[in-house]
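**Student:** File run.pdb follows (PDB, N, CA and C atoms):
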```pdb
ATOM      1  N   MET D   1       9.646  24.970   4.109
ATOM      2  CA  MET D   1       9.457  24.801   5.534
ATOM      3  C   MET D   1       9.796  26.116   6.233
ATOM      4  N   GLN D   2       8.955  26.488   7.195
ATOM      5  CA  GLN D   2       9.187  27.680   8.000
ATOM      6  C   GLN D   2       9.644  27.249   9.391
ATOM      7  N   ILE D   3      10.407  28.102  10.034
ATOM      8  CA  ILE D   3      10.903  27.835  11.379
ATOM      9  C   ILE D   3      10.284  28.852  12.340
ATOM     10  N   PHE D   4       9.771  28.365  13.467
ATOM     11  CA  PHE D   4       9.296  29.249  14.532
ATOM     12  C   PHE D   4      10.178  29.005  15.748
ATOM     13  N   THR D   5      10.814  30.070  16.249
ATOM     14  CA  THR D   5      11.701  29.953  17.405
ATOM     15  C   THR D   5      10.967  30.392  18.666
ATOM     16  N   LEU D   6      10.984  29.540  19.677
ATOM     17  CA  LEU D   6      10.286  29.821  20.931
ATOM     18  C   LEU D   6      10.931  30.942  21.736
ATOM     19  N   LYS D   7      12.210  31.172  21.574
ATOM     20  CA  LYS D   7      12.972  32.183  22.309
ATOM     21  C   LYS D   7      12.913  31.908  23.798
ATOM     22  N   ASP D   8      12.270  32.784  24.576
ATOM     23  CA  ASP D   8      12.272  32.660  26.036
ATOM     24  C   ASP D   8      11.085  31.875  26.594
ATOM     25  N   HIS D   9      10.295  31.255  25.725
ATOM     26  CA  HIS D   9       9.103  30.531  26.169
ATOM     27  C   HIS D   9       9.311  29.021  26.042
ATOM     28  N   ASP D  10       8.588  28.263  26.853
ATOM     29  CA  ASP D  10       8.681  26.804  26.804
ATOM     30  C   ASP D  10       7.819  26.210  25.702
ATOM     31  N   PHE D  11       6.730  26.919  25.338
ATOM     32  CA  PHE D  11       5.790  26.388  24.357
ATOM     33  C   PHE D  11       5.007  27.525  23.712
ATOM     34  N   ILE D  12       4.285  27.182  22.641
ATOM     35  CA  ILE D  12       3.307  28.076  22.030
ATOM     36  C   ILE D  12       2.070  27.232  21.760
ATOM     37  N   GLU D  13       0.896  27.816  21.922
ATOM     38  CA  GLU D  13      -0.335  27.089  21.648
ATOM     39  C   GLU D  13      -0.559  27.025  20.139
ATOM     40  N   LEU D  14      -1.173  25.924  19.703
ATOM     41  CA  LEU D  14      -1.351  25.670  18.269
ATOM     42  C   LEU D  14      -2.074  26.810  17.565
ATOM     43  N   ASN D  15      -3.177  27.287  18.118
ATOM     44  CA  ASN D  15      -3.914  28.364  17.450
ATOM     45  C   ASN D  15      -3.072  29.632  17.321
ATOM     46  N   ARG D  16      -2.259  29.923  18.321
ATOM     47  CA  ARG D  16      -1.392  31.110  18.269
ATOM     48  C   ARG D  16      -0.277  30.947  17.241
ATOM     49  N   LEU D  17       0.233  29.730  17.102
ATOM     50  CA  LEU D  17       1.268  29.488  16.097
ATOM     51  C   LEU D  17       0.733  29.758  14.697
ATOM     52  N   LEU D  18      -0.464  29.271  14.414
ATOM     53  CA  LEU D  18      -1.048  29.498  13.082
ATOM     54  C   LEU D  18      -1.215  30.986  12.812
ATOM     55  N   LYS D  19      -1.618  31.748  13.828
ATOM     56  CA  LYS D  19      -1.762  33.195  13.668
ATOM     57  C   LYS D  19      -0.403  33.864  13.496
ATOM     58  N   ARG D  20       0.560  33.516  14.331
ATOM     59  CA  ARG D  20       1.896  34.141  14.282
ATOM     60  C   ARG D  20       2.591  33.900  12.951
ATOM     61  N   MET D  21       2.350  32.732  12.354
ATOM     62  CA  MET D  21       2.992  32.397  11.083
ATOM     63  C   MET D  21       2.170  32.874   9.888
ATOM     64  N   ASN D  22       1.093  33.614  10.164
ATOM     65  CA  ASN D  22       0.211  34.162   9.113
ATOM     66  C   ASN D  22      -0.407  33.085   8.229
ATOM     67  N   LEU D  23      -0.711  31.951   8.824
ATOM     68  CA  LEU D  23      -1.361  30.868   8.081
ATOM     69  C   LEU D  23      -2.878  30.995   8.135
ATOM     70  N   VAL D  24      -3.383  31.798   9.070
ATOM     71  CA  VAL D  24      -4.814  32.100   9.187
ATOM     72  C   VAL D  24      -4.955  33.599   9.432
ATOM     73  N   ASN D  25      -6.165  34.110   9.236
ATOM     74  CA  ASN D  25      -6.406  35.537   9.416
ATOM     75  C   ASN D  25      -6.809  35.924  10.832
ATOM     76  N   SER D  26      -7.359  34.949  11.578
ATOM     77  CA  SER D  26      -7.846  35.273  12.920
ATOM     78  C   SER D  26      -7.809  34.042  13.819
ATOM     79  N   GLY D  27      -7.955  34.299  15.112
ATOM     80  CA  GLY D  27      -8.021  33.196  16.066
ATOM     81  C   GLY D  27      -9.258  32.346  15.859
ATOM     82  N   GLY D  28     -10.363  32.983  15.485
ATOM     83  CA  GLY D  28     -11.594  32.241  15.217
ATOM     84  C   GLY D  28     -11.436  31.289  14.045
ATOM     85  N   GLU D  29     -10.771  31.752  13.012
ATOM     86  CA  GLU D  29     -10.519  30.899  11.847
ATOM     87  C   GLU D  29      -9.624  29.729  12.240
ATOM     88  N   ALA D  30      -8.591  30.006  13.034
ATOM     89  CA  ALA D  30      -7.693  28.945  13.487
ATOM     90  C   ALA D  30      -8.469  27.887  14.264
ATOM     91  N   LYS D  31      -9.321  28.325  15.174
ATOM     92  CA  LYS D  31     -10.113  27.409  15.997
ATOM     93  C   LYS D  31     -10.958  26.469  15.142
ATOM     94  N   ILE D  32     -11.657  27.030  14.180
ATOM     95  CA  ILE D  32     -12.534  26.221  13.315
ATOM     96  C   ILE D  32     -11.724  25.211  12.514
ATOM     97  N   LEU D  33     -10.627  25.652  11.917
ATOM     98  CA  LEU D  33      -9.822  24.764  11.075
ATOM     99  C   LEU D  33      -9.159  23.655  11.891
ATOM    100  N   ILE D  34      -8.712  23.985  13.099
ATOM    101  CA  ILE D  34      -8.116  22.962  13.965
ATOM    102  C   ILE D  34      -9.173  21.945  14.364
ATOM    103  N   GLN D  35     -10.332  22.419  14.809
ATOM    104  CA  GLN D  35     -11.401  21.515  15.241
ATOM    105  C   GLN D  35     -11.932  20.662  14.092
ATOM    106  N   ASP D  36     -11.817  21.155  12.864
ATOM    107  CA  ASP D  36     -12.252  20.396  11.686
ATOM    108  C   ASP D  36     -11.216  19.369  11.235
ATOM    109  N   GLY D  37     -10.085  19.297  11.943
ATOM    110  CA  GLY D  37      -9.073  18.284  11.632
ATOM    111  C   GLY D  37      -8.161  18.625  10.474
ATOM    112  N   GLU D  38      -7.997  19.910  10.178
ATOM    113  CA  GLU D  38      -7.165  20.309   9.044
ATOM    114  C   GLU D  38      -5.696  20.511   9.393
ATOM    115  N   VAL D  39      -5.339  20.319  10.663
ATOM    116  CA  VAL D  39      -3.964  20.551  11.099
ATOM    117  C   VAL D  39      -3.364  19.238  11.610
ATOM    118  N   ARG D  40      -2.121  18.985  11.231
ATOM    119  CA  ARG D  40      -1.406  17.801  11.719
ATOM    120  C   ARG D  40      -0.211  18.245  12.548
ATOM    121  N   VAL D  41      -0.019  17.577  13.679
ATOM    122  CA  VAL D  41       1.127  17.824  14.539
ATOM    123  C   VAL D  41       1.918  16.523  14.595
ATOM    124  N   ASN D  42       3.157  16.575  14.150
ATOM    125  CA  ASN D  42       4.010  15.380  14.055
ATOM    126  C   ASN D  42       3.311  14.255  13.296
ATOM    127  N   GLY D  43       2.600  14.625  12.239
ATOM    128  CA  GLY D  43       1.972  13.649  11.356
ATOM    129  C   GLY D  43       0.596  13.169  11.768
ATOM    130  N   LEU D  44       0.119  13.575  12.941
ATOM    131  CA  LEU D  44      -1.189  13.144  13.432
ATOM    132  C   LEU D  44      -2.163  14.317  13.456
ATOM    133  N   VAL D  45      -3.417  14.059  13.097
ATOM    134  CA  VAL D  45      -4.430  15.105  13.144
ATOM    135  C   VAL D  45      -4.579  15.582  14.581
ATOM    136  N   GLU D  46      -4.568  16.901  14.746
ATOM    137  CA  GLU D  46      -4.706  17.500  16.084
ATOM    138  C   GLU D  46      -5.935  18.394  16.105
ATOM    139  N   THR D  47      -6.869  18.137  17.021
ATOM    140  CA  THR D  47      -8.092  18.932  17.107
ATOM    141  C   THR D  47      -8.153  19.790  18.365
ATOM    142  N   ARG D  48      -7.113  19.754  19.178
ATOM    143  CA  ARG D  48      -7.077  20.596  20.381
ATOM    144  C   ARG D  48      -6.538  21.974  20.004
ATOM    145  N   VAL D  49      -7.384  22.964  20.124
ATOM    146  CA  VAL D  49      -7.054  24.323  19.709
ATOM    147  C   VAL D  49      -5.838  24.864  20.452
ATOM    148  N   ARG D  50      -5.760  24.610  21.736
ATOM    149  CA  ARG D  50      -4.678  25.165  22.554
ATOM    150  C   ARG D  50      -3.599  24.141  22.889
ATOM    151  N   LYS D  51      -3.415  23.184  22.013
ATOM    152  CA  LYS D  51      -2.356  22.188  22.181
ATOM    153  C   LYS D  51      -1.023  22.913  22.361
ATOM    154  N   LYS D  52      -0.292  22.550  23.411
ATOM    155  CA  LYS D  52       1.003  23.177  23.676
ATOM    156  C   LYS D  52       2.071  22.542  22.792
ATOM    157  N   LEU D  53       2.729  23.365  22.003
ATOM    158  CA  LEU D  53       3.769  22.905  21.096
ATOM    159  C   LEU D  53       5.127  23.292  21.655
ATOM    160  N   ARG D  54       5.999  22.322  21.758
ATOM    161  CA  ARG D  54       7.345  22.558  22.301
ATOM    162  C   ARG D  54       8.380  22.347  21.189
ATOM    163  N   ALA D  55       9.611  22.652  21.480
ATOM    164  CA  ALA D  55      10.687  22.524  20.492
ATOM    165  C   ALA D  55      10.728  21.110  19.915
ATOM    166  N   GLY D  56      10.950  21.027  18.615
ATOM    167  CA  GLY D  56      11.053  19.750  17.934
ATOM    168  C   GLY D  56       9.767  19.295  17.273
ATOM    169  N   VAL D  57       8.686  20.034  17.475
ATOM    170  CA  VAL D  57       7.382  19.670  16.916
ATOM    171  C   VAL D  57       7.264  20.188  15.482
ATOM    172  N   ARG D  58       6.609  19.399  14.660
ATOM    173  CA  ARG D  58       6.370  19.771  13.264
ATOM    174  C   ARG D  58       4.866  19.918  13.058
ATOM    175  N   VAL D  59       4.448  21.032  12.464
ATOM    176  CA  VAL D  59       3.040  21.312  12.201
ATOM    177  C   VAL D  59       2.842  21.411  10.698
ATOM    178  N   ASP D  60       1.871  20.659  10.178
ATOM    179  CA  ASP D  60       1.532  20.704   8.757
ATOM    180  C   ASP D  60       0.117  21.231   8.603
ATOM    181  N   PHE D  61      -0.044  22.211   7.701
ATOM    182  CA  PHE D  61      -1.339  22.842   7.492
ATOM    183  C   PHE D  61      -1.419  23.364   6.067
ATOM    184  N   ARG D  62      -2.361  22.823   5.301
ATOM    185  CA  ARG D  62      -2.627  23.285   3.937
ATOM    186  C   ARG D  62      -1.368  23.454   3.089
ATOM    187  N   GLY D  63      -0.538  22.426   3.094
ATOM    188  CA  GLY D  63       0.662  22.438   2.271
ATOM    189  C   GLY D  63       1.840  23.197   2.868
ATOM    190  N   GLN D  64       1.670  23.786   4.026
ATOM    191  CA  GLN D  64       2.739  24.510   4.703
ATOM    192  C   GLN D  64       3.229  23.692   5.883
ATOM    193  N   THR D  65       4.522  23.760   6.146
ATOM    194  CA  THR D  65       5.117  23.057   7.285
ATOM    195  C   THR D  65       5.852  24.060   8.157
ATOM    196  N   VAL D  66       5.627  23.958   9.474
ATOM    197  CA  VAL D  66       6.304  24.827  10.436
ATOM    198  C   VAL D  66       7.021  23.929  11.434
ATOM    199  N   LEU D  67       8.299  24.175  11.647
ATOM    200  CA  LEU D  67       9.074  23.458  12.640
ATOM    201  C   LEU D  67       9.281  24.392  13.827
ATOM    202  N   VAL D  68       8.917  23.909  15.018
ATOM    203  CA  VAL D  68       9.082  24.704  16.228
ATOM    204  C   VAL D  68      10.445  24.392  16.820
ATOM    205  N   GLU D  69      11.221  25.431  17.085
ATOM    206  CA  GLU D  69      12.562  25.260  17.671
ATOM    207  C   GLU D  69      12.634  25.968  19.005
TER
END
```
Once you've parsed the file, please lay out its structure as structure tokens.
**Tutor:**
Amino acid sequence: MQIFTLKDHDFIELNRLLKRMNLVNSGGEAKILIQDGEVRVNGLVETRVRKKLRAGVRVDFRGQTVLVE
């Protein structure tokens, strides 16, 4: 499990989180994979590319888990 810390921000968008954690190579790739239903947020499939993720959220993608703090 990886941890992403929000620091001074209230949220991070889902596509940006995937890029920041190096789970995808580009924003375009993130968009396609999210829209194809390959990402789960708190156990549910999420297809909104710019879904706002706040502290306490868990993201699962291709065997990787990221916890937002």
**Student:** Can you give me, as a ChimeraX atom specification, the residues this file yields under the PyMOL selection byres ((chain D and resi 40-57) around 6.5)?
**Tutor:** /D:10-15,31,34-39,58-61,66-69
**Student:** Could you pull out the helix (DSSP H, G or I) residues of chain D, going by DSSP on the backbone, and write them as a count of residues only?
**Tutor:** 16
**Student:** One decimal, in Å: what's the spacing between atom N of D:Asn25 and atom C of D:Leu6?
**Tutor:**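 Between atom N of D:Asn25 and atom C of D:Leu6 the gap works out to 21.4 Å.
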**Student:** Enter the distance from atom N of D:Gln64 to atom N of D:Met1, in Å, rounded to one decimal.
**Tutor:**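 A separation of 8.1 Å between them.
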**Student:** Residues near D:Gly27, anyone? I mean within 9 Å using only C-alpha atoms, not counting same-chain ones fewer than 6 positions away, as a PDB file with N, CA and C atoms, keeping the file's coordinate frame.
**Tutor:**
```pdb
ATOM      1  N   ASN D  15      -3.177  27.287  18.118  1.00  0.00           N
ATOM      2  CA  ASN D  15      -3.914  28.364  17.450  1.00  0.00           C
ATOM      3  C   ASN D  15      -3.072  29.632  17.321  1.00  0.00           C
ATOM      4  N   ARG D  16      -2.259  29.923  18.321  1.00  0.00           N
ATOM      5  CA  ARG D  16      -1.392  31.110  18.269  1.00  0.00           C
ATOM      6  C   ARG D  16      -0.277  30.947  17.241  1.00  0.00           C
ATOM      7  N   LEU D  18      -0.464  29.271  14.414  1.00  0.00           N
ATOM      8  CA  LEU D  18      -1.048  29.498  13.082  1.00  0.00           C
ATOM      9  C   LEU D  18      -1.215  30.986  12.812  1.00  0.00           C
ATOM     10  N   LYS D  19      -1.618  31.748  13.828  1.00  0.00           N
ATOM     11  CA  LYS D  19      -1.762  33.195  13.668  1.00  0.00           C
ATOM     12  C   LYS D  19      -0.403  33.864  13.496  1.00  0.00           C
TER      13      LYS D  19
END
```
**Student:** Among chain D, which ones does DSSP assign to strand (DSSP E or B) (computed from the backbone)? Answer as JSON, numbers by chain.
**Tutor:** {"D": [2, 3, 4, 12, 13, 39, 40, 41, 44, 45, 52, 53, 58, 59, 60, 61, 64, 65, 66, 67, 68]}
**Student:** What gap, in Å, lies between atom CA of D:Asp8 and atom CA of D:Leu23?
**Tutor:**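 It comes out at 22.6 Å.
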**Student:** Need the axis-aligned box for stretch 23-39 of chain D with 6 Å each side, so what are the centre and edges in Å to one decimal, as AutoDock Vina command-line options?
**Tutor:**
```
--center_x -6.6 --center_y 27.1 --center_z 12.1 --size_x 23.8 --size_y 29.6 --size_z 20.0
```
